[in-house]
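Undergrad: Quick one: the structure is below, and I'll ask about it shortly.
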Number of protein chains: 2
Amino acid sequence: MLRGNIPARVDEKGRLKIPAAFLEELKGYGEQFYVTSETGDYARIFPMKVWEELESKLARLSSHNQTKQKFLTWTNYYGQAVEVDSQGRVLIPPVLREAAQMKGDVDVMGHLTYLEVWNHSRSLENLKKSPITDEDLKILDELGI
Amino acid sequence: MLRGNIPARVDEKGRLKIPAAFLEELKGYGEQFYVTSETGDYARIFPMKVWEELESKLARLSSHNQTKQKFLTWTNYYGQAVEVDSQGRVLIPPVLREAAQMKGDVDVMGHLTYLEVWNHSRSLENLKKSPITDEDLKILDELGI
DNA sequence: AGAATCGTGGCACAAAGTGGGAAGAAGTGG
DNA sequence: CCACTTCTTCCCACTTTGTGCCACGATTCT
């Protein structure tokens, strides 16, 4: 399972080196990945199999389901199938590279079955937006966490 | 169960030697650990199994639960899976090393199922900020402690 | 006091990350 | 349909970071 955050860089050519710790975990899935986003604020990197499962879940929904349609429209817009190269790098598709500001310093976070990549400064802004309050701590405490 | 406080040091390379007393207690859990923090003020070292249990507790909550989301956002940001080496050391991930000032003297405290590590001088400040008040003593007394 | 264990630091090797060049492929415009 | 440009991919080399190993010093236990 993919967990935690490893800082990385996207080079001039839009290539992202997948941190070794994640690559190790992902190597059971082959070289095929699907890179996309729902919003364009970040990039999500799915092993192709994981994405296909997600697709088949969607397929069970009615084709008139608005939410499903929207999701597919956006993920299609930003999406592209990619392969990792021999040095463990993937090329971020230009559309997403632009939208999610995939250049320079980025944070690569594990989300159990896929990776989520944020532009580093955008990631910080995002954190600031969700501070943990004393109230939150109390709730967590009640849950035994 | 992990209890008490043992001073330790983080070396130049960001490695923390887990005090032998705690290591003994932890050896049933294997070499995999998850190092993270909610706030970045300290580091928490969870045996992977303990962390996974915590994750599954969270999984039972709605994905719209704000507190859960915040908690995961932060712990994911600071988190990284690590292994203890043959000498009982773990590498503190760079992000946390920076945020929680994991260098030089630190205090390693047992919290029953995980360890909490504070920069020593920060730990002192923290203690001073939360003195036990007469009010607290009264409450403890009522609880028969 | 002696033996054993624990913590600490240093060093050397290995692995991971980074960047750049050049060849190849794809796309564009004349 | 060809020439040119741009983007991608592959490969190599350098730098940084992490890891394993060993040895010394301190501490504890007997």
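Quick note on naming: the chains in the structure tokens go A, B, ... in the order shown, residues restart at 1 in each chain, and ligands are numbered from 1 in order of appearance.
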Could you give me, as a Markdown table, a per-residue list for chain D showing, wherever an atom lies at most 8 Å from an atom of segment 9-23 of chain C, the closest pair of atoms and their distance in Å to one decimal, using only C-alpha atoms (C1' of nucleotides) and sorting by chain then residue number from low to high?
TA:
```
| residue | atom | partner | partner_atom | distance |
| --- | --- | --- | --- | --- |
| D:DT15 | C1' | C:DT18 | C1' | 7.8 |
| D:DT16 | C1' | C:DG17 | C1' | 7.5 |
| D:DT17 | C1' | C:DA16 | C1' | 7.3 |
| D:DG18 | C1' | C:DA15 | C1' | 7.5 |
| D:DT19 | C1' | C:DA14 | C1' | 7.6 |
```
Undergrad: Find the residues around Pro94 of chain B up to 9 Å (only C-alpha atoms (C1' of nucleotides) counted), leave out those fewer than 3 positions away in its own chain, and share them as an mmCIF file with N, CA and C atoms, in the first residue's frame.
TA:
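Once everything was written out, this is selection06.cif:
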```cif
data_model
loop_
_atom_site.group_PDB
_atom_site.id
_atom_site.type_symbol
_atom_site.label_atom_id
_atom_site.label_comp_id
_atom_site.auth_asym_id
_atom_site.auth_seq_id
_atom_site.Cartn_x
_atom_site.Cartn_y
_atom_site.Cartn_z
ATOM 1 N N ILE A 6 6.691 11.958 -0.395
ATOM 2 C CA ILE A 6 8.108 12.078 -0.705
ATOM 3 C C ILE A 6 8.288 13.226 -1.685
ATOM 4 N N PRO A 7 9.076 14.230 -1.305
ATOM 5 C CA PRO A 7 9.289 15.362 -2.206
ATOM 6 C C PRO A 7 10.075 14.894 -3.426
ATOM 7 N N GLY B 14 20.136 12.099 10.022
ATOM 8 C CA GLY B 14 18.719 12.019 10.318
ATOM 9 C C GLY B 14 18.260 10.666 10.831
ATOM 10 N N LEU B 91 15.341 6.031 9.794
ATOM 11 C CA LEU B 91 15.630 7.306 9.148
ATOM 12 C C LEU B 91 14.376 8.162 9.220
ATOM 13 N N ARG B 97 11.946 15.792 9.423
ATOM 14 C CA ARG B 97 13.226 16.124 10.026
ATOM 15 C C ARG B 97 13.310 17.644 10.167
ATOM 16 N N GLU B 98 12.869 18.286 9.107
ATOM 17 C CA GLU B 98 12.882 19.740 9.047
ATOM 18 C C GLU B 98 11.843 20.339 9.994
ATOM 19 N N ALA B 99 10.582 19.918 9.815
ATOM 20 C CA ALA B 99 9.472 20.508 10.557
ATOM 21 C C ALA B 99 9.592 20.286 12.062
#
```
Undergrad: Per DSSP on the backbone, what are the strand (DSSP E or B) residues of chain B, as a compact mmCIF listing (two decimals) with N, CA and C atoms, in the first residue's frame?
TA:
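Output saved as states.txt:
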```txt
# COMPACT_ATOMS: atom_id res chain seq x y z
N LEU B 2 4.34 0.61 25.58
CA LEU B 2 5.44 1.58 25.58
C LEU B 2 5.14 2.70 26.58
N ASN B 5 9.91 8.08 29.13
CA ASN B 5 10.66 8.95 28.24
C ASN B 5 12.14 8.58 28.28
N ILE B 6 12.73 8.37 27.12
CA ILE B 6 14.16 8.09 27.06
C ILE B 6 14.83 9.09 26.12
N PRO B 7 15.77 9.86 26.64
CA PRO B 7 16.46 10.82 25.77
C PRO B 7 17.31 10.07 24.76
N ALA B 8 17.40 10.61 23.56
CA ALA B 8 18.21 9.98 22.52
C ALA B 8 18.74 11.07 21.58
N ARG B 9 19.48 10.66 20.56
CA ARG B 9 20.01 11.64 19.61
C ARG B 9 19.66 11.23 18.18
N VAL B 10 19.48 12.25 17.35
CA VAL B 10 19.33 11.99 15.92
C VAL B 10 20.67 12.38 15.30
N ARG B 15 19.22 9.88 11.32
CA ARG B 15 18.84 8.57 11.84
C ARG B 15 18.60 8.64 13.34
N LEU B 16 17.55 7.98 13.79
CA LEU B 16 17.25 7.92 15.22
C LEU B 16 17.40 6.48 15.70
N LYS B 17 18.22 6.33 16.72
CA LYS B 17 18.36 5.02 17.34
C LYS B 17 17.18 4.83 18.28
N GLN B 32 8.76 -2.94 9.83
CA GLN B 32 8.07 -1.86 9.13
C GLN B 32 7.42 -0.88 10.10
N PHE B 33 7.71 0.39 9.90
CA PHE B 33 7.11 1.42 10.73
C PHE B 33 6.57 2.55 9.86
N TYR B 34 5.66 3.31 10.43
CA TYR B 34 5.16 4.49 9.73
C TYR B 34 5.45 5.69 10.61
N VAL B 35 6.24 6.60 10.06
CA VAL B 35 6.63 7.80 10.80
C VAL B 35 5.82 8.98 10.30
N THR B 36 5.14 9.67 11.19
CA THR B 36 4.32 10.79 10.74
C THR B 36 4.07 11.77 11.88
N ALA B 43 7.45 13.96 15.95
CA ALA B 43 7.30 12.81 15.06
C ALA B 43 6.67 11.66 15.84
N ARG B 44 5.78 10.95 15.21
CA ARG B 44 5.22 9.75 15.83
C ARG B 44 5.65 8.55 15.02
N ILE B 45 6.10 7.53 15.72
CA ILE B 45 6.57 6.32 15.05
C ILE B 45 5.64 5.17 15.40
N PHE B 46 4.88 4.75 14.40
CA PHE B 46 3.92 3.66 14.60
C PHE B 46 4.44 2.37 14.00
N PRO B 47 4.30 1.26 14.72
CA PRO B 47 4.50 -0.02 14.04
C PRO B 47 3.45 -0.07 12.93
N GLN B 80 5.87 8.87 6.18
CA GLN B 80 6.65 8.00 5.31
C GLN B 80 6.85 6.65 5.98
N ALA B 81 6.77 5.60 5.17
CA ALA B 81 7.03 4.26 5.68
C ALA B 81 8.53 4.07 5.79
N VAL B 82 8.99 3.51 6.87
CA VAL B 82 10.42 3.29 7.06
C VAL B 82 10.68 1.89 7.63
N GLU B 83 11.94 1.48 7.55
CA GLU B 83 12.34 0.20 8.15
C GLU B 83 13.42 0.46 9.19
N ARG B 89 18.00 1.42 14.09
CA ARG B 89 17.82 2.83 13.77
C ARG B 89 16.78 3.02 12.67
N VAL B 90 16.08 4.15 12.72
CA VAL B 90 15.17 4.51 11.63
C VAL B 90 15.56 5.87 11.08
N LEU B 91 15.34 6.03 9.79
CA LEU B 91 15.63 7.31 9.15
C LEU B 91 14.38 8.16 9.22
N GLY B 104 20.01 16.36 16.60
CA GLY B 104 20.59 16.50 17.92
C GLY B 104 19.76 15.80 18.98
N ASP B 105 19.65 16.46 20.14
CA ASP B 105 18.98 15.81 21.27
C ASP B 105 17.46 15.79 21.14
N VAL B 106 16.92 14.62 21.34
CA VAL B 106 15.46 14.47 21.29
C VAL B 106 14.98 13.63 22.47
N ASP B 107 13.70 13.73 22.73
CA ASP B 107 13.08 12.88 23.75
C ASP B 107 12.16 11.88 23.07
N VAL B 108 12.35 10.63 23.39
CA VAL B 108 11.51 9.58 22.81
C VAL B 108 10.57 9.08 23.89
N MET B 109 9.28 9.31 23.70
CA MET B 109 8.33 8.92 24.73
C MET B 109 7.41 7.82 24.24
N GLY B 110 7.19 6.86 25.13
CA GLY B 110 6.29 5.76 24.80
C GLY B 110 4.85 6.17 25.00
N HIS B 111 4.01 5.92 24.01
CA HIS B 111 2.57 6.20 24.12
C HIS B 111 1.79 4.90 23.93
N LEU B 112 2.13 3.92 24.72
CA LEU B 112 1.49 2.60 24.70
C LEU B 112 1.72 1.82 23.42
N TYR B 114 2.66 3.41 20.28
CA TYR B 114 3.57 4.07 19.35
C TYR B 114 4.54 4.96 20.12
N LEU B 115 5.52 5.48 19.42
CA LEU B 115 6.49 6.37 20.04
C LEU B 115 6.27 7.80 19.58
N GLU B 116 6.53 8.74 20.45
CA GLU B 116 6.44 10.14 20.06
C GLU B 116 7.79 10.78 20.33
N VAL B 117 8.32 11.45 19.32
CA VAL B 117 9.66 12.01 19.44
C VAL B 117 9.62 13.53 19.35
N TRP B 118 10.20 14.18 20.33
CA TRP B 118 10.25 15.63 20.37
C TRP B 118 11.69 16.11 20.36
N ASN B 119 11.91 17.18 19.68
CA ASN B 119 13.18 17.88 19.82
C ASN B 119 13.27 18.26 21.30
```
Undergrad: Nearest to chain A among B:Met102, B:Val95, B:Leu143, B:Leu124, with distances taken over only C-alpha atoms: which residue is it?
TA: B:Val95
Undergrad: Which residues of chain C come within 9 Å of chain B, and what is each one's closest atom pair and distance in Å (one decimal), counting only C-alpha atoms (C1' of nucleotides), sorted by chain and residue number, as a Markdown table?
TA:
```
| residue | atom | partner | partner_atom | distance |
| --- | --- | --- | --- | --- |
| C:DC6 | C1' | B:Ala20 | CA | 7.3 |
| C:DG7 | C1' | B:Lys17 | CA | 7.9 |
| C:DT8 | C1' | B:Asp11 | CA | 8.2 |
| C:DG9 | C1' | B:Asp11 | CA | 8.3 |
```
Undergrad: Those same residues - N, CA and C atoms (P, O5', C5', C4', C3', O3' and C1' of nucleotides) - I'd like them written as a PDB file, in the first residue's frame.
TA:
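Written output follows (part_25.pdb):
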```pdb
ATOM      1  P    DC C   6      21.136  -4.234  24.811  1.00  0.00           P
ATOM      2  O5'  DC C   6      21.544  -2.709  24.707  1.00  0.00           O
ATOM      3  C5'  DC C   6      21.603  -1.938  25.914  1.00  0.00           C
ATOM      4  C4'  DC C   6      22.168  -0.567  25.595  1.00  0.00           C
ATOM      5  C3'  DC C   6      21.612   0.042  24.300  1.00  0.00           C
ATOM      6  O3'  DC C   6      21.013   1.288  24.633  1.00  0.00           O
ATOM      7  C1'  DC C   6      24.004   0.164  24.375  1.00  0.00           C
ATOM      8  P    DG C   7      20.284   2.163  23.512  1.00  0.00           P
ATOM      9  O5'  DG C   7      21.408   3.214  23.124  1.00  0.00           O
ATOM     10  C5'  DG C   7      21.884   4.079  24.148  1.00  0.00           C
ATOM     11  C4'  DG C   7      23.059   4.869  23.650  1.00  0.00           C
ATOM     12  C3'  DG C   7      22.775   5.748  22.431  1.00  0.00           C
ATOM     13  O3'  DG C   7      23.340   7.016  22.740  1.00  0.00           O
ATOM     14  C1'  DG C   7      24.674   4.401  22.032  1.00  0.00           C
ATOM     15  P    DT C   8      23.076   8.301  21.810  1.00  0.00           P
ATOM     16  O5'  DT C   8      24.403   8.397  20.942  1.00  0.00           O
ATOM     17  C5'  DT C   8      25.634   8.661  21.619  1.00  0.00           C
ATOM     18  C4'  DT C   8      26.763   8.643  20.606  1.00  0.00           C
ATOM     19  C3'  DT C   8      26.466   9.404  19.326  1.00  0.00           C
ATOM     20  O3'  DT C   8      27.381  10.474  19.279  1.00  0.00           O
ATOM     21  C1'  DT C   8      27.475   7.297  18.877  1.00  0.00           C
ATOM     22  P    DG C   9      27.237  11.653  18.189  1.00  0.00           P
ATOM     23  O5'  DG C   9      28.459  11.343  17.217  1.00  0.00           O
ATOM     24  C5'  DG C   9      29.724  11.027  17.784  1.00  0.00           C
ATOM     25  C4'  DG C   9      30.557  10.335  16.730  1.00  0.00           C
ATOM     26  C3'  DG C   9      30.470  10.980  15.346  1.00  0.00           C
ATOM     27  O3'  DG C   9      31.784  11.320  14.953  1.00  0.00           O
ATOM     28  C1'  DG C   9      30.182   8.624  15.205  1.00  0.00           C
TER      29       DG C   9
END
```
Undergrad: For chain B versus chain D, which residues have an atom no more than 9 Å away, and what is each residue's nearest atom pair and distance in Å rounded to one decimal, using only C-alpha atoms (C1' of nucleotides), chain-then-number order, as JSON lines?
TA:
```
{"residue": "B:Lys13", "atom": "CA", "partner": "D:DG18", "partner_atom": "C1'", "distance": 8.2}
{"residue": "B:Asp85", "atom": "CA", "partner": "D:DT19", "partner_atom": "C1'", "distance": 8.3}
{"residue": "B:Ser86", "atom": "CA", "partner": "D:DG20", "partner_atom": "C1'", "distance": 8.5}
{"residue": "B:Leu91", "atom": "CA", "partner": "D:DG18", "partner_atom": "C1'", "distance": 8.6}
```
Undergrad: May I have the selected residues written with N, CA and C atoms, as an mmCIF file, in the first residue's frame?
TA:
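Below is the file that was written, again.cif:
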```
data_model
loop_
_atom_site.group_PDB
_atom_site.id
_atom_site.type_symbol
_atom_site.label_atom_id
_atom_site.label_comp_id
_atom_site.auth_asym_id
_atom_site.auth_seq_id
_atom_site.Cartn_x
_atom_site.Cartn_y
_atom_site.Cartn_z
ATOM 1 N N LYS B 13 22.811 12.307 9.787
ATOM 2 C CA LYS B 13 22.077 11.828 8.613
ATOM 3 C C LYS B 13 20.589 11.665 8.871
ATOM 4 N N ASP B 85 16.902 -0.478 10.759
ATOM 5 C CA ASP B 85 18.046 -1.229 10.255
ATOM 6 C C ASP B 85 18.510 -2.233 11.303
ATOM 7 N N SER B 86 19.570 -2.949 10.970
ATOM 8 C CA SER B 86 20.033 -4.018 11.853
ATOM 9 C C SER B 86 20.538 -3.489 13.190
ATOM 10 N N LEU B 91 15.341 6.031 9.794
ATOM 11 C CA LEU B 91 15.630 7.306 9.148
ATOM 12 C C LEU B 91 14.376 8.162 9.220
#
```
Undergrad: Counting only C-alpha atoms, which residues of chain B come no farther than 9 Å from chain A, as a list in words?
TA: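 Going by the stated atoms only, the list reads Tyr34, Val35, Thr36, Glu38, Thr39, Leu54, Lys57, Leu58, Gln66, Thr67, Lys68, Gln69, Lys70, Phe71, Thr73, Trp74, Thr75, Asn76, Tyr77, Tyr78, Gly79, Gln80, Ala81, Pro93, Pro94 and Val95 of chain B.
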Undergrad: Check the DSSP output for the backbone and give back, as number ranges by chain, the residues of chain B in helix (DSSP H, G or I).
TA: B: 20-29, 48-59, 66-78, 94-99, 120-129, 134-142
Undergrad: For the atom pair atom CA of Val84 of chain B and atom CA of Glu31 of chain B, what is the interatomic distance in Å to one decimal place?
TA: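 So the answer is 5.4 Å.
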